[in-house]
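These notes concern the structure reproduced below.
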Amino acid sequence: MVKKHVGYTEDELAQSPYARFYNSEIAPLQPQVAEAQLVGAVAHELMYPVERAPEMQSDNDWPVENGYAYGPDGSLRVFCSIEMPGVTPAMWDWWFGWHGSEAQRYRLWHPKAHVDVGWKDGRDDLRHYVGRISHIEEYLGSESKKGAICFLPPSRLGLDEQRLADRGEVAICARIALQNSPIKAGWLLHHVRPVAGGAQMRQRMWFGGDNVSIGDDPGPLGKALGFVLRLAVKYMQPDPADMLTHAAQEMAHLATFLPELYQSFHNAESTGTSAPEKRI
Amino acid sequence: MTNLYLGYTDAELVSSPYARFYKPQMAGLPPHVKDALLNGAVAEELMPGFEFAAELQNPGYWQVETGHTLAADRSARVSILTYMPGVTPAMWDWWFAWHGSEAQRYKLWHPRSHVYVAWEDGREGLDTYIGRTSQVVEYIGSTRMDLTIRFVPPASVGFDEQLLSEKGEVAICARGGVGGLPFETGWLIHHVRPVPGGSEMRSRFWLAGDNIELRGHSGAAGKLLSRTAAFLNRDGPRVARDILVHCAQEMNHLAALLPELYANFYKEPTDESDRR
């Protein structure tokens, strides 16, 4: 077995059914993200906590759409908004169900940082993601990280799913957890809304501090442990500037070929003509 | 202290006499500031220490007008140049006296970082700031800080005040400290001089390191404690870039509003003896 790696090997480039979508070159950061990196950390009051996630559905932008802050509870908040010409929210909904069963798919997304992916339930035949757990391995900056992305229904974060559907929007919501453990370290939200000429993805990551818990509904002992754990998570915290760069790169990168990928693999599967590479 | 929040509330947006000057969207950083941030810290010798402050009065520019460095004494030095079309130095002189008595005024300046302001002497409505202490709460980066700004006469840091006034320049000079602590932690100067089409502000911060002084104790024991405090201060490099961003944002932001604000709120001093 080849050692785990970022990108495609020469063999993969020759054999993978996805090779023609593999682009090892990542475009420069979109200007709003580059500006946010130069500005650096901002006041946490401008970056709402996860409890205000339902306000993603208002028509107004949040005070900071691109940037990061340290909250008073020691949490990290990292937001970015990426423009995606030619993309629809439905494509992202499909992507999150589709990419998780093969590392070669996952590595298309961020060819310089993504290493490995696998569904915890081992069911590579399924095409949905809500309620499932994706185990990932990726670099944030130069640090390799493993994590479990526990996908949740948008209503779990207080979003109105009917309203999302009515407006043609998608919200991908997840708990960020440690693999094979009840320890939850953060929250993730990708809100994709249609805009003229394509879509816009508004990402929100809340990590550490009050976002840490043991299990979803801890008792008193769990809460006490959670408090201790917060301090530990603080030392595991990634650099928020690295998180911002990574998120902005992967979303903008995939968006450049997502319409064609969707055309090739979603449409082919749904018409049943030539389900490519369906591995059981 | 109550009412520690960023920005104007909905009620304030309706009732405040300054509401039409409150602009929560801030412009992007000017190109020379972006460049300085991308370059990062520079050599200490390119950025003179506080003891050379009076040389700001010389014609021309310093080698680094926008940038930051970490000096051998672990002090941070930060410089920011802001070009301000349509603004005069006198407007800034007025602003420093006027803004300090109301948080609503202070928030106009940096709507994304400024939280609170009050004069230590509790006297509102004076048109002076020199010799007074302004207590502020503001975010520097993600950190909310309680700071004291003790304004001092330009002559006390070596400026020739006669020369300043002959050239139509203003130098706002202050000792900066952290609220609740007995240390003065730095110096700041905003030197504003006329240029074609407006004026330019040359901001200088000298923070921590040898700039720390136990308030009222310039002797050996005070120096030792100050040195220890300076040694334990490890946030220098990050704070320096955060201050560079903060200062560039607030000076550019207010400069765009200042001429109209001044036209609306400046009042001729009624009694010349009130002036310094």
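Identifiers in this document derive from the order of the structure tokens: chains are assigned A, B, ..., residues are numbered from 1 separately in each chain, and ligands are numbered from 1 in order of occurrence.
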Can you tell me, as JSON, numbers by chain, what residues are no more than 10 Å from stretch 104-117 of chain B when counting only C-alpha atoms, ignoring any on the same chain fewer than 6 positions away?
{"A": [42, 43, 44, 45, 46, 63, 64], "B": [1, 2, 3, 4, 5, 6, 7, 8, 12, 16, 17, 18, 19, 20, 21, 22, 23, 24, 25, 26, 95, 96, 98, 134, 135, 136, 137, 138, 139, 140, 141, 142, 143, 144, 145, 146, 147, 148, 246, 247, 249, 250, 251, 252, 253, 254, 255, 257, 258]}
Next, write the just-selected residues to a file, as a PDB file, in the first residue's frame, keeping C-alpha atoms as the atom set.
```pdb
ATOM      1  CA  VAL A  42     -10.936  40.944  15.085  1.00  0.00           C
ATOM      2  CA  ALA A  43     -13.379  41.667  17.927  1.00  0.00           C
ATOM      3  CA  HIS A  44     -15.400  38.570  18.778  1.00  0.00           C
ATOM      4  CA  GLU A  45     -18.558  40.690  19.071  1.00  0.00           C
ATOM      5  CA  LEU A  46     -18.509  40.962  15.273  1.00  0.00           C
ATOM      6  CA  PRO A  63     -20.700  42.093  10.433  1.00  0.00           C
ATOM      7  CA  VAL A  64     -17.683  39.934   9.547  1.00  0.00           C
TER       8      VAL A  64
ATOM      9  CA  MET B   1     -18.566  50.244  34.017  1.00  0.00           C
ATOM     10  CA  THR B   2     -21.692  49.393  32.079  1.00  0.00           C
ATOM     11  CA  ASN B   3     -22.639  49.629  28.439  1.00  0.00           C
ATOM     12  CA  LEU B   4     -19.544  47.911  27.112  1.00  0.00           C
ATOM     13  CA  TYR B   5     -20.572  46.973  23.605  1.00  0.00           C
ATOM     14  CA  LEU B   6     -19.413  47.656  20.089  1.00  0.00           C
ATOM     15  CA  GLY B   7     -21.262  49.934  17.731  1.00  0.00           C
ATOM     16  CA  TYR B   8     -24.511  51.866  17.958  1.00  0.00           C
ATOM     17  CA  GLU B  12     -28.810  55.087  19.279  1.00  0.00           C
ATOM     18  CA  SER B  16     -27.828  60.034  18.493  1.00  0.00           C
ATOM     19  CA  PRO B  17     -26.872  63.457  17.110  1.00  0.00           C
ATOM     20  CA  TYR B  18     -23.884  61.702  15.495  1.00  0.00           C
ATOM     21  CA  ALA B  19     -25.801  58.809  13.930  1.00  0.00           C
ATOM     22  CA  ARG B  20     -25.362  60.016  10.365  1.00  0.00           C
ATOM     23  CA  PHE B  21     -21.596  59.895  10.854  1.00  0.00           C
ATOM     24  CA  TYR B  22     -21.682  56.324  12.129  1.00  0.00           C
ATOM     25  CA  LYS B  23     -20.484  54.041   9.311  1.00  0.00           C
ATOM     26  CA  PRO B  24     -20.030  50.433  10.441  1.00  0.00           C
ATOM     27  CA  GLN B  25     -18.519  49.401   7.106  1.00  0.00           C
ATOM     28  CA  MET B  26     -14.839  50.206   6.951  1.00  0.00           C
ATOM     29  CA  TRP B  95     -11.078  65.816  17.615  1.00  0.00           C
ATOM     30  CA  PHE B  96      -8.797  64.729  20.440  1.00  0.00           C
ATOM     31  CA  TRP B  98     -14.019  66.532  21.549  1.00  0.00           C
ATOM     32  CA  SER B 134      -8.654  59.548  28.615  1.00  0.00           C
ATOM     33  CA  GLN B 135      -9.803  56.097  29.720  1.00  0.00           C
ATOM     34  CA  VAL B 136     -10.715  53.897  26.794  1.00  0.00           C
ATOM     35  CA  VAL B 137     -11.952  50.374  26.163  1.00  0.00           C
ATOM     36  CA  GLU B 138     -11.139  49.041  22.721  1.00  0.00           C
ATOM     37  CA  TYR B 139     -10.288  45.855  20.891  1.00  0.00           C
ATOM     38  CA  ILE B 140      -6.760  45.462  19.621  1.00  0.00           C
ATOM     39  CA  GLY B 141      -7.072  42.413  17.375  1.00  0.00           C
ATOM     40  CA  SER B 142      -9.370  40.064  19.329  1.00  0.00           C
ATOM     41  CA  THR B 143      -8.282  41.358  22.728  1.00  0.00           C
ATOM     42  CA  ARG B 144     -10.454  43.881  24.542  1.00  0.00           C
ATOM     43  CA  MET B 145      -8.220  46.246  26.487  1.00  0.00           C
ATOM     44  CA  ASP B 146      -8.740  48.902  29.144  1.00  0.00           C
ATOM     45  CA  LEU B 147      -6.229  51.622  28.403  1.00  0.00           C
ATOM     46  CA  THR B 148      -5.303  55.017  29.802  1.00  0.00           C
ATOM     47  CA  HIS B 246      -6.081  49.130  14.110  1.00  0.00           C
ATOM     48  CA  CYS B 247      -4.425  52.531  13.713  1.00  0.00           C
ATOM     49  CA  GLN B 249      -8.197  51.545   9.989  1.00  0.00           C
ATOM     50  CA  GLU B 250      -9.254  54.203  12.504  1.00  0.00           C
ATOM     51  CA  MET B 251      -7.224  57.058  11.010  1.00  0.00           C
ATOM     52  CA  ASN B 252      -8.387  56.403   7.460  1.00  0.00           C
ATOM     53  CA  HIS B 253     -11.957  55.889   8.607  1.00  0.00           C
ATOM     54  CA  LEU B 254     -12.206  59.094  10.613  1.00  0.00           C
ATOM     55  CA  ALA B 255     -10.304  61.132   8.013  1.00  0.00           C
ATOM     56  CA  LEU B 257     -15.696  61.883   8.039  1.00  0.00           C
ATOM     57  CA  LEU B 258     -13.664  64.510   9.839  1.00  0.00           C
TER      58      LEU B 258
END
```
Might you pull out every residue within 12 Å of A:Gln32, with only C-alpha atoms counted and same-chain residues fewer than 4 positions away left off, and present them as a PyMOL selection string?
(chain A and resi 28+36-39+64-67+79-83+244-245+248) or (chain B and resi 27-29)
List the neighbours of B:Ser75 out to 6 Å using only C-alpha atoms; skip same-chain residues closer than 6 positions along the sequence, and give me the result as an MDAnalysis selection string.
chainID B and resid 207:209
Write a file of the just-selected residues containing N, CA and C atoms, as a short mmCIF file (atom, residue, chain, number, x, y, z; two decimals), in the first residue's frame.
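The result, stored in part_36.cif:
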```cif
data_model
loop_
_atom_site.label_atom_id
_atom_site.label_comp_id
_atom_site.auth_asym_id
_atom_site.auth_seq_id
_atom_site.Cartn_x
_atom_site.Cartn_y
_atom_site.Cartn_z
N LEU B 207 6.19 50.77 22.51
CA LEU B 207 5.44 50.02 23.51
C LEU B 207 6.32 49.02 24.24
N ALA B 208 6.09 48.91 25.53
CA ALA B 208 6.75 47.92 26.39
C ALA B 208 8.28 48.10 26.36
N GLY B 209 9.02 47.07 26.74
CA GLY B 209 10.47 47.20 26.82
C GLY B 209 10.86 48.36 27.72
#
```
Using DSSP on the backbone coordinates, identify all residues within stretch 211-275 of chain A classified as alpha helix (DSSP H); present the result as a ChimeraX atom specification.
/A:220-236,240-261,267-271
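Atom pair atom CA of A:Tyr129 / atom CA of A:Pro154 has a distance of 12.0 Å (rounded to one decimal).
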Could you give me, as CSV, every stretch 88-174 of chain A residue with an atom at most 10 Å from stretch 47-53 of chain A, plus its closest atom pair and distance in Å to one decimal, counting only C-alpha atoms, rows ordered by chain then number?
```
residue,atom,partner,partner_atom,distance
A:Pro154,CA,A:Ala53,CA,9.7
A:Leu157,CA,A:Ala53,CA,6.3
A:Gly158,CA,A:Ala53,CA,6.9
A:Leu159,CA,A:Ala53,CA,7.2
```
Those same residues, written as a JSON list (two decimals), in the first residue's frame with C-alpha atoms?
```
[["chain", "number", "residue", "atom", "x", "y", "z"],
["A", 154, "PRO", "CA", -29.74, 21.92, 9.73],
["A", 157, "LEU", "CA", -28.51, 24.28, 14.64],
["A", 158, "GLY", "CA", -31.88, 25.98, 14.62],
["A", 159, "LEU", "CA", -32.16, 26.58, 10.88]]
```
Apply DSSP to the backbone of this structure and, from stretch 149-227 of chain A, keep only the residues in strand (DSSP E); write these as number ranges by chain.
A: 149-152, 170-177, 183-195, 198-207, 213-214
Go ahead and write the residues just picked, C-alpha atoms, as a tab-separated table (two decimals), in the first residue's frame.
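Result written to again-v2.tsv:
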```
chain	number	residue	atom	x	y	z
A	149	ILE	CA	-17.20	15.30	10.95
A	150	CYS	CA	-20.58	14.30	12.39
A	151	PHE	CA	-23.18	15.61	9.94
A	152	LEU	CA	-26.42	16.88	11.45
A	170	VAL	CA	-28.45	24.29	1.35
A	171	ALA	CA	-26.94	24.25	4.84
A	172	ILE	CA	-24.37	21.58	5.60
A	173	CYS	CA	-24.09	21.31	9.38
A	174	ALA	CA	-21.79	19.20	11.48
A	175	ARG	CA	-20.22	18.64	14.84
A	176	ILE	CA	-16.42	18.46	14.71
A	177	ALA	CA	-15.31	15.62	16.98
A	183	ILE	CA	-15.43	14.34	22.59
A	184	LYS	CA	-16.90	17.14	20.52
A	185	ALA	CA	-14.58	20.05	19.80
A	186	GLY	CA	-16.55	22.36	17.55
A	187	TRP	CA	-19.29	23.16	15.06
A	188	LEU	CA	-19.24	23.57	11.30
A	189	LEU	CA	-21.76	25.25	9.02
A	190	HIS	CA	-21.60	25.74	5.27
A	191	HIS	CA	-24.52	27.82	4.09
A	192	VAL	CA	-24.82	27.85	0.31
A	193	ARG	CA	-27.22	30.32	-1.26
A	194	PRO	CA	-27.94	31.14	-4.88
A	195	VAL	CA	-26.66	34.49	-6.12
A	198	GLY	CA	-23.90	31.09	-9.32
A	199	ALA	CA	-23.77	30.53	-5.60
A	200	GLN	CA	-22.11	31.89	-2.51
A	201	MET	CA	-20.87	29.68	0.31
A	202	ARG	CA	-20.80	31.22	3.76
A	203	GLN	CA	-18.73	29.09	6.08
A	204	ARG	CA	-18.75	29.25	9.83
A	205	MET	CA	-16.43	27.31	12.13
A	206	TRP	CA	-16.70	27.50	15.90
A	207	PHE	CA	-13.98	25.60	17.71
A	213	SER	CA	-18.55	18.91	25.17
A	214	ILE	CA	-18.58	15.21	25.92
```
